[in-house]
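Everything below belongs to target_6.cif, which stores mmCIF, C-alpha atoms and all ligand atoms.
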data_coords
loop_
_atom_site.label_atom_id
_atom_site.label_comp_id
_atom_site.auth_asym_id
_atom_site.auth_seq_id
_atom_site.Cartn_x
_atom_site.Cartn_y
_atom_site.Cartn_z
CA MET N 23 24.38 -42.04 -29.49
CA ARG N 24 23.92 -38.30 -29.02
CA PRO N 25 20.50 -37.05 -28.14
CA PRO N 26 18.83 -35.61 -31.24
CA TYR N 27 18.54 -32.05 -29.99
CA SER N 28 22.29 -31.52 -29.55
CA ARG N 29 22.91 -32.64 -33.11
CA ARG N 30 20.32 -30.22 -34.35
CA ARG N 31 21.89 -27.43 -32.37
CA SER N 32 25.36 -28.04 -33.75
CA LEU N 33 24.05 -28.09 -37.29
CA THR N 34 21.77 -25.10 -37.44
CA PRO N 35 21.92 -23.08 -34.21
CA MET N 36 20.03 -20.15 -35.73
CA PHE N 37 16.90 -22.19 -36.22
CA ASP N 38 17.23 -24.52 -33.29
CA PRO N 39 13.94 -24.46 -31.40
CA GLU N 40 15.84 -25.13 -28.14
CA LEU N 41 17.89 -22.02 -28.64
CA THR N 42 14.85 -19.95 -29.34
CA GLU N 43 13.38 -21.07 -26.06
CA GLU N 44 16.63 -20.22 -24.32
CA GLU N 45 16.56 -16.79 -25.84
CA GLN N 46 13.03 -16.35 -24.70
CA ILE N 47 13.91 -17.38 -21.18
CA LYS N 48 16.90 -15.06 -21.21
CA LYS N 49 14.65 -12.25 -22.36
CA MET N 50 12.23 -12.93 -19.52
CA VAL N 51 14.89 -13.27 -16.87
CA THR N 52 17.36 -10.52 -17.77
CA PRO N 53 15.27 -7.45 -16.91
CA ARG N 54 14.53 -8.90 -13.48
CA ILE N 55 18.19 -9.51 -12.78
CA VAL N 56 19.07 -6.01 -13.86
CA GLN N 57 16.27 -4.61 -11.75
CA ARG N 58 17.45 -6.49 -8.68
CA ARG N 59 21.04 -5.50 -9.17
CA ASN N 60 20.12 -1.83 -9.35
CA SER N 61 17.29 -2.01 -6.86
CA LYS N 62 18.88 0.51 -4.49
CA ASP N 63 19.40 3.09 -7.21
CA SER N 64 16.04 2.44 -8.76
CA GLU N 65 14.22 2.70 -5.45
CA GLU N 66 15.80 6.10 -4.88
CA VAL N 67 15.05 7.20 -8.41
CA VAL N 68 11.41 6.18 -8.07
CA LEU N 69 11.12 7.86 -4.64
CA GLU N 70 12.59 11.06 -6.06
CA MET N 71 9.62 11.27 -8.43
CA PHE N 72 7.32 12.09 -5.54
CA GLU N 73 6.91 15.09 -3.31
CA LYS N 74 8.25 14.88 0.25
CA ILE N 75 5.15 14.92 2.42
CA CYS N 76 5.25 12.68 5.45
CA PRO N 77 2.57 11.76 7.98
CA PHE N 78 4.16 12.33 11.40
CA GLY N 79 6.52 9.54 12.40
CA CYS N 80 5.91 7.48 9.25
CA GLU N 81 9.21 8.01 7.42
CA ASN N 82 9.63 4.28 6.81
CA ASP N 83 6.02 3.22 6.45
CA VAL N 84 3.24 2.74 3.96
CA VAL N 85 0.29 4.87 5.04
CA ILE N 86 -3.07 4.90 3.30
CA TYR N 87 -5.91 7.29 4.11
CA THR N 88 -9.26 5.78 3.20
CA THR N 89 -12.96 5.89 3.87
CA THR N 90 -15.30 2.98 4.44
CA LEU N 91 -18.38 5.14 3.82
CA ARG N 92 -20.07 4.22 0.57
CA GLY N 93 -21.50 7.71 0.03
CA ILE N 94 -19.52 8.39 -3.10
CA ARG N 95 -19.24 5.15 -5.02
CA LYS N 96 -16.10 6.05 -6.97
CA THR N 97 -14.27 7.11 -3.80
CA PHE N 98 -15.25 3.92 -2.01
CA GLU N 99 -14.18 1.76 -4.95
CA ASP N 100 -10.90 3.64 -5.37
CA CYS N 101 -10.13 3.00 -1.70
CA ASN N 102 -10.72 -0.71 -2.21
CA ILE N 103 -8.52 -0.75 -5.32
CA ALA N 104 -5.67 1.10 -3.60
CA ARG N 105 -5.90 -1.07 -0.47
CA SER N 106 -5.93 -4.33 -2.43
CA ILE N 107 -2.96 -3.33 -4.60
CA ILE N 108 -0.90 -2.68 -1.46
CA GLU N 109 -2.20 -5.87 0.17
CA SER N 110 -1.12 -7.88 -2.88
CA HIS N 111 2.47 -6.98 -1.99
CA HIS N 112 2.01 -8.38 1.54
CA VAL N 113 3.67 -5.38 3.15
CA GLN N 114 2.73 -3.76 6.44
CA MET N 115 0.35 -0.88 5.86
CA ILE N 116 -1.04 1.73 8.21
CA GLU N 117 -4.64 2.44 7.22
CA ARG N 118 -6.26 5.62 8.47
CA ASP N 119 -9.97 5.56 7.83
CA ILE N 120 -11.19 9.16 7.91
CA SER N 121 -14.82 8.04 8.26
CA MET N 122 -13.93 6.24 11.51
CA HIS N 123 -12.04 9.10 13.08
CA SER N 124 -12.25 12.80 12.23
CA GLY N 125 -8.75 13.25 13.69
CA PHE N 126 -7.38 11.44 10.63
CA LYS N 127 -9.22 13.83 8.33
CA GLU N 128 -7.72 16.80 10.18
CA GLU N 129 -4.30 15.19 9.92
CA LEU N 130 -4.72 14.74 6.18
CA ARG N 131 -5.94 18.32 5.77
CA SER N 132 -2.86 19.69 7.47
CA LEU N 133 -0.55 17.38 5.50
CA MET N 134 -2.04 18.50 2.20
CA GLY N 135 -2.48 22.11 3.29
CA ALA N 136 -6.04 22.08 2.00
CA LYS N 137 -9.51 21.93 3.48
CA ASN N 138 -10.88 19.63 0.79
CA VAL N 139 -9.00 16.36 0.73
CA LYS N 140 -9.94 13.30 -1.23
CA VAL N 141 -9.16 9.70 -0.42
CA PRO N 142 -7.57 7.30 -1.02
CA LEU N 143 -4.18 8.92 -0.58
CA VAL N 144 -1.06 6.84 -0.18
CA PHE N 145 2.24 7.84 1.39
CA VAL N 146 5.33 5.66 1.14
CA LYS N 147 8.54 6.41 3.06
CA GLY N 148 7.61 10.03 3.58
CA ARG N 149 6.53 10.73 0.01
CA LEU N 150 3.09 11.48 -1.34
CA ILE N 151 2.46 8.78 -3.92
CA GLY N 152 -1.13 9.61 -4.82
CA GLY N 153 -4.45 7.80 -5.17
CA ALA N 154 -5.75 4.68 -6.90
CA ASP N 155 -4.81 5.82 -10.43
CA GLU N 156 -1.19 6.44 -9.46
CA LEU N 157 -0.96 3.08 -7.68
CA VAL N 158 -2.38 1.23 -10.70
CA LYS N 159 0.12 2.98 -12.99
CA LEU N 160 3.08 2.23 -10.69
CA GLU N 161 1.97 -1.38 -10.43
CA GLU N 162 1.84 -1.68 -14.21
CA GLU N 163 5.33 -0.21 -14.48
CA ASN N 164 6.65 -2.60 -11.81
CA LYS N 165 7.74 0.38 -9.72
CA LEU N 166 5.63 -0.37 -6.68
CA GLU N 167 7.82 -3.31 -5.77
CA LEU N 168 10.80 -0.97 -5.67
CA LEU N 169 8.97 1.58 -3.53
CA PHE N 170 8.03 -1.15 -1.04
CA ASP N 171 11.58 -2.44 -0.83
CA GLY N 172 12.51 -2.78 2.85
CA ILE N 173 8.96 -2.39 4.19
CA PRO N 174 8.28 -5.19 6.73
CA LYS N 175 5.93 -7.99 5.69
CA ALA N 176 2.31 -7.78 6.82
CA VAL N 177 1.24 -9.70 9.89
CA SER N 178 -2.18 -11.28 10.38
CA ALA N 179 -5.10 -9.24 11.73
CA CYS N 180 -5.05 -8.04 15.34
CA GLU N 181 -7.04 -10.12 17.86
CA GLY N 182 -8.28 -7.04 19.68
CA CYS N 183 -9.96 -5.31 16.76
CA VAL N 184 -9.83 -7.90 13.92
CA GLY N 185 -7.87 -5.39 11.89
CA ILE N 186 -10.37 -2.49 12.18
CA ARG N 187 -7.89 -0.66 14.45
CA PHE N 188 -10.69 0.80 16.57
CA ILE N 189 -12.70 -0.68 19.41
CA MET N 190 -15.77 0.58 21.24
CA CYS N 191 -15.01 2.90 24.15
CA MET N 192 -15.37 1.12 27.52
CA ASP N 193 -16.07 4.31 29.43
CA CYS N 194 -19.26 5.22 27.59
CA ASN N 195 -20.09 1.95 25.83
CA GLY N 196 -19.76 3.70 22.49
CA SER N 197 -22.34 6.41 23.18
CA SER N 198 -19.57 9.05 23.45
CA LYS N 199 -21.48 10.53 26.41
CA VAL N 200 -20.91 10.08 30.14
CA LEU N 201 -22.58 11.52 33.22
CA GLY N 202 -21.12 14.82 34.37
CA SER N 203 -19.84 15.48 37.87
CA ASP N 204 -23.31 16.55 38.98
CA GLY N 205 -24.44 12.99 38.26
CA ARG N 206 -27.37 14.12 36.12
CA ARG N 207 -26.36 15.89 32.93
CA SER N 208 -24.47 13.87 30.35
CA ILE N 209 -21.32 15.33 28.89
CA LYS N 210 -19.02 14.35 26.06
CA CYS N 211 -16.88 11.35 26.95
CA GLY N 212 -13.26 12.38 27.18
CA GLU N 213 -11.85 9.03 26.23
CA CYS N 214 -13.23 8.39 22.75
CA ASN N 215 -13.87 10.11 19.45
CA GLU N 216 -17.11 11.38 17.91
CA ASN N 217 -18.16 7.82 17.05
CA GLY N 218 -17.60 6.41 20.56
CA LEU N 219 -14.47 4.62 19.40
CA ILE N 220 -10.94 4.45 20.72
CA GLN N 221 -7.88 3.30 18.82
CA CYS N 222 -7.14 -0.35 19.46
CA PRO N 223 -4.78 -0.51 22.48
CA ILE N 224 -3.25 -3.74 21.16
CA CYS N 225 -2.21 -2.81 17.62
CA CYS N 226 -2.25 0.98 17.50
ZN ZN A 301 -16.26 7.16 25.33
ZN ZN A 302 -6.05 -4.01 17.03
#
Produce structure tokens that represent the structure in this file.
Ligand SMILES: [Zn+2]
Ligand SMILES: [Zn+2]
Amino acid sequence: MRPPYSRRRSLTPMFDPELTEEEQIKKMVTPRIVQRRNSKDSEEVVLEMFEKICPFGCENDVVIYTTTLRGIRKTFEDCNIARSIIESHHVQMIERDISMHSGFKEELRSLMGAKNVKVPLVFVKGRLIGGADELVKLEEENKLELLFDGIPKAVSACEGCVGIRFIMCMDCNGSSKVLGSDGRRSIKCGECNENGLIQCPICC
């Protein structure tokens, strides 16, 4: 005896609930297949939408400039949104926290050609993508996945700095001051930044 569904299908295929489900599945699956097939083209097309501005040496990377200062609530929250969207794709990301290191702020100023820069700002493969709003929009349009195509997968946090990318300076114990050659007056430590931090020697 034939199973009941196949008889139903042969009789009235238009109204067969099995077929409807099939159509639904096809509808769900087809755009993904098309997207994958054209991923190379689409990635280029999406990249072309953005201006070529590249943090030095980061032509193939995802770079995000952020702050961990809570001074301006919206800025702080936007940084968290942007960071977590990128993290949800499990791709390697270079985070440059401008509140940890003024050198990053200077770098961003010269990249943007402006004195006033706002974070977060995200660069992917040498293009300026934008801030949290742009990332949310790209995510909704499923374009972020294309932009991240070929970016290596994220690895777990560094043992040296637990992912903060900075450690306290050993020369001055984080005070950013050391004794001068006269042995009495303290001078600025030459090894660390204004916060007594050095970039993690293990992961940076
Ligand atoms: Zn120091
Ligand atoms: Zn580290």
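Excluding His111 in chain N and any residue on its chain fewer than 5 positions from it, the residues at most 9 Å away by only C-alpha atoms are Ser106, Leu166, Glu167, Phe170, Lys175 and Ala176 of chain N.
For ligand ZN 302 (chain A), the protein and nucleic acid residues at most 12 Å away, judged by all atoms listed in the file, amount to Ile116, Glu117, Val177, Ser178, Ala179, Cys180, Glu181, Gly182, Cys183, Val184, Gly185, Ile186, Arg187, Phe188, Ile189, Met190, Ile220, Gln221, Cys222, Pro223, Ile224, Cys225 and Cys226 of chain N.
As for CA of Gly212 in chain N and atom ZN of ligand ZN 301 (chain A), they are spaced 6.3 Å apart.
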Chain N residues near ligand ZN 301 (chain A) within 12 Å, closest pair each, using only C-alpha atoms and all ligand atoms, as a tab-separated table:
residue	atom	partner	partner_atom	distance
N:Ile189	CA	A:ZN301	ZN	10.4
N:Met190	CA	A:ZN301	ZN	7.8
N:Cys191	CA	A:ZN301	ZN	4.6
N:Met192	CA	A:ZN301	ZN	6.5
N:Asp193	CA	A:ZN301	ZN	5.0
N:Cys194	CA	A:ZN301	ZN	4.2
N:Asn195	CA	A:ZN301	ZN	6.5
N:Gly196	CA	A:ZN301	ZN	5.7
N:Ser197	CA	A:ZN301	ZN	6.5
N:Ser198	CA	A:ZN301	ZN	4.3
N:Lys199	CA	A:ZN301	ZN	6.3
N:Val200	CA	A:ZN301	ZN	7.3
N:Leu201	CA	A:ZN301	ZN	11.0
N:Ser208	CA	A:ZN301	ZN	11.7
N:Ile209	CA	A:ZN301	ZN	10.2
N:Lys210	CA	A:ZN301	ZN	7.7
N:Cys211	CA	A:ZN301	ZN	4.5
N:Gly212	CA	A:ZN301	ZN	6.3
N:Glu213	CA	A:ZN301	ZN	4.9
N:Cys214	CA	A:ZN301	ZN	4.2
N:Asn215	CA	A:ZN301	ZN	7.0
N:Glu216	CA	A:ZN301	ZN	8.6
N:Asn217	CA	A:ZN301	ZN	8.5
N:Gly218	CA	A:ZN301	ZN	5.0
N:Leu219	CA	A:ZN301	ZN	6.7
N:Ile220	CA	A:ZN301	ZN	7.5
N:Gln221	CA	A:ZN301	ZN	11.3
Any chance you can output those residues with C-alpha atoms as an mmCIF file, in the coordinates of the input?
data_model
loop_
_atom_site.group_PDB
_atom_site.id
_atom_site.type_symbol
_atom_site.label_atom_id
_atom_site.label_comp_id
_atom_site.auth_asym_id
_atom_site.auth_seq_id
_atom_site.Cartn_x
_atom_site.Cartn_y
_atom_site.Cartn_z
ATOM 1 C CA ILE N 189 -12.700 -0.680 19.410
ATOM 2 C CA MET N 190 -15.770 0.580 21.240
ATOM 3 C CA CYS N 191 -15.010 2.900 24.150
ATOM 4 C CA MET N 192 -15.370 1.120 27.520
ATOM 5 C CA ASP N 193 -16.070 4.310 29.430
ATOM 6 C CA CYS N 194 -19.260 5.220 27.590
ATOM 7 C CA ASN N 195 -20.090 1.950 25.830
ATOM 8 C CA GLY N 196 -19.760 3.700 22.490
ATOM 9 C CA SER N 197 -22.340 6.410 23.180
ATOM 10 C CA SER N 198 -19.570 9.050 23.450
ATOM 11 C CA LYS N 199 -21.480 10.530 26.410
ATOM 12 C CA VAL N 200 -20.910 10.080 30.140
ATOM 13 C CA LEU N 201 -22.580 11.520 33.220
ATOM 14 C CA SER N 208 -24.470 13.870 30.350
ATOM 15 C CA ILE N 209 -21.320 15.330 28.890
ATOM 16 C CA LYS N 210 -19.020 14.350 26.060
ATOM 17 C CA CYS N 211 -16.880 11.350 26.950
ATOM 18 C CA GLY N 212 -13.260 12.380 27.180
ATOM 19 C CA GLU N 213 -11.850 9.030 26.230
ATOM 20 C CA CYS N 214 -13.230 8.390 22.750
ATOM 21 C CA ASN N 215 -13.870 10.110 19.450
ATOM 22 C CA GLU N 216 -17.110 11.380 17.910
ATOM 23 C CA ASN N 217 -18.160 7.820 17.050
ATOM 24 C CA GLY N 218 -17.600 6.410 20.560
ATOM 25 C CA LEU N 219 -14.470 4.620 19.400
ATOM 26 C CA ILE N 220 -10.940 4.450 20.720
ATOM 27 C CA GLN N 221 -7.880 3.300 18.820
#
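Taking CA of Gly153 in chain N as the reference point, CA of Ala104 in chain N is found at 7.0 Å.
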Next item on the list: For Asp100 in chain N, work out the shell of residues within 12 Å, counting only C-alpha atoms and skipping chain neighbours fewer than 2 positions away, then give it as number ranges by chain.
Entry: N: 86-92, 94-98, 102-107, 140-144, 152-158
Margin query: Between CA of Leu130 in chain N and CA of Cys76 in chain N, what distance in Å does the model show, to one decimal?
Written below: 10.2 Å
When you look at Glu128 in chain N with a cut-off of 12 Å (counting all atoms listed in the file), what residues show up, excluding the ones that are within fewer than 2 positions of it in the same chain? I need them as a PDB file with C-alpha atoms, in the frame of the given file.
ATOM      1  CA  PRO N  77       2.570  11.760   7.980  1.00  0.00           C
ATOM      2  CA  TYR N  87      -5.910   7.290   4.110  1.00  0.00           C
ATOM      3  CA  ARG N 118      -6.260   5.620   8.470  1.00  0.00           C
ATOM      4  CA  ASP N 119      -9.970   5.560   7.830  1.00  0.00           C
ATOM      5  CA  ILE N 120     -11.190   9.160   7.910  1.00  0.00           C
ATOM      6  CA  SER N 121     -14.820   8.040   8.260  1.00  0.00           C
ATOM      7  CA  HIS N 123     -12.040   9.100  13.080  1.00  0.00           C
ATOM      8  CA  SER N 124     -12.250  12.800  12.230  1.00  0.00           C
ATOM      9  CA  GLY N 125      -8.750  13.250  13.690  1.00  0.00           C
ATOM     10  CA  PHE N 126      -7.380  11.440  10.630  1.00  0.00           C
ATOM     11  CA  LEU N 130      -4.720  14.740   6.180  1.00  0.00           C
ATOM     12  CA  ARG N 131      -5.940  18.320   5.770  1.00  0.00           C
ATOM     13  CA  SER N 132      -2.860  19.690   7.470  1.00  0.00           C
ATOM     14  CA  LEU N 133      -0.550  17.380   5.500  1.00  0.00           C
ATOM     15  CA  MET N 134      -2.040  18.500   2.200  1.00  0.00           C
ATOM     16  CA  GLY N 135      -2.480  22.110   3.290  1.00  0.00           C
ATOM     17  CA  ALA N 136      -6.040  22.080   2.000  1.00  0.00           C
ATOM     18  CA  LYS N 137      -9.510  21.930   3.480  1.00  0.00           C
ATOM     19  CA  ASN N 138     -10.880  19.630   0.790  1.00  0.00           C
ATOM     20  CA  VAL N 139      -9.000  16.360   0.730  1.00  0.00           C
TER      21      VAL N 139
END
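Nearest to Val146 in chain N of all the residues N:Gly205, N:Leu169, N:Phe78, N:Val113 is N:Leu169, based on only C-alpha atoms.
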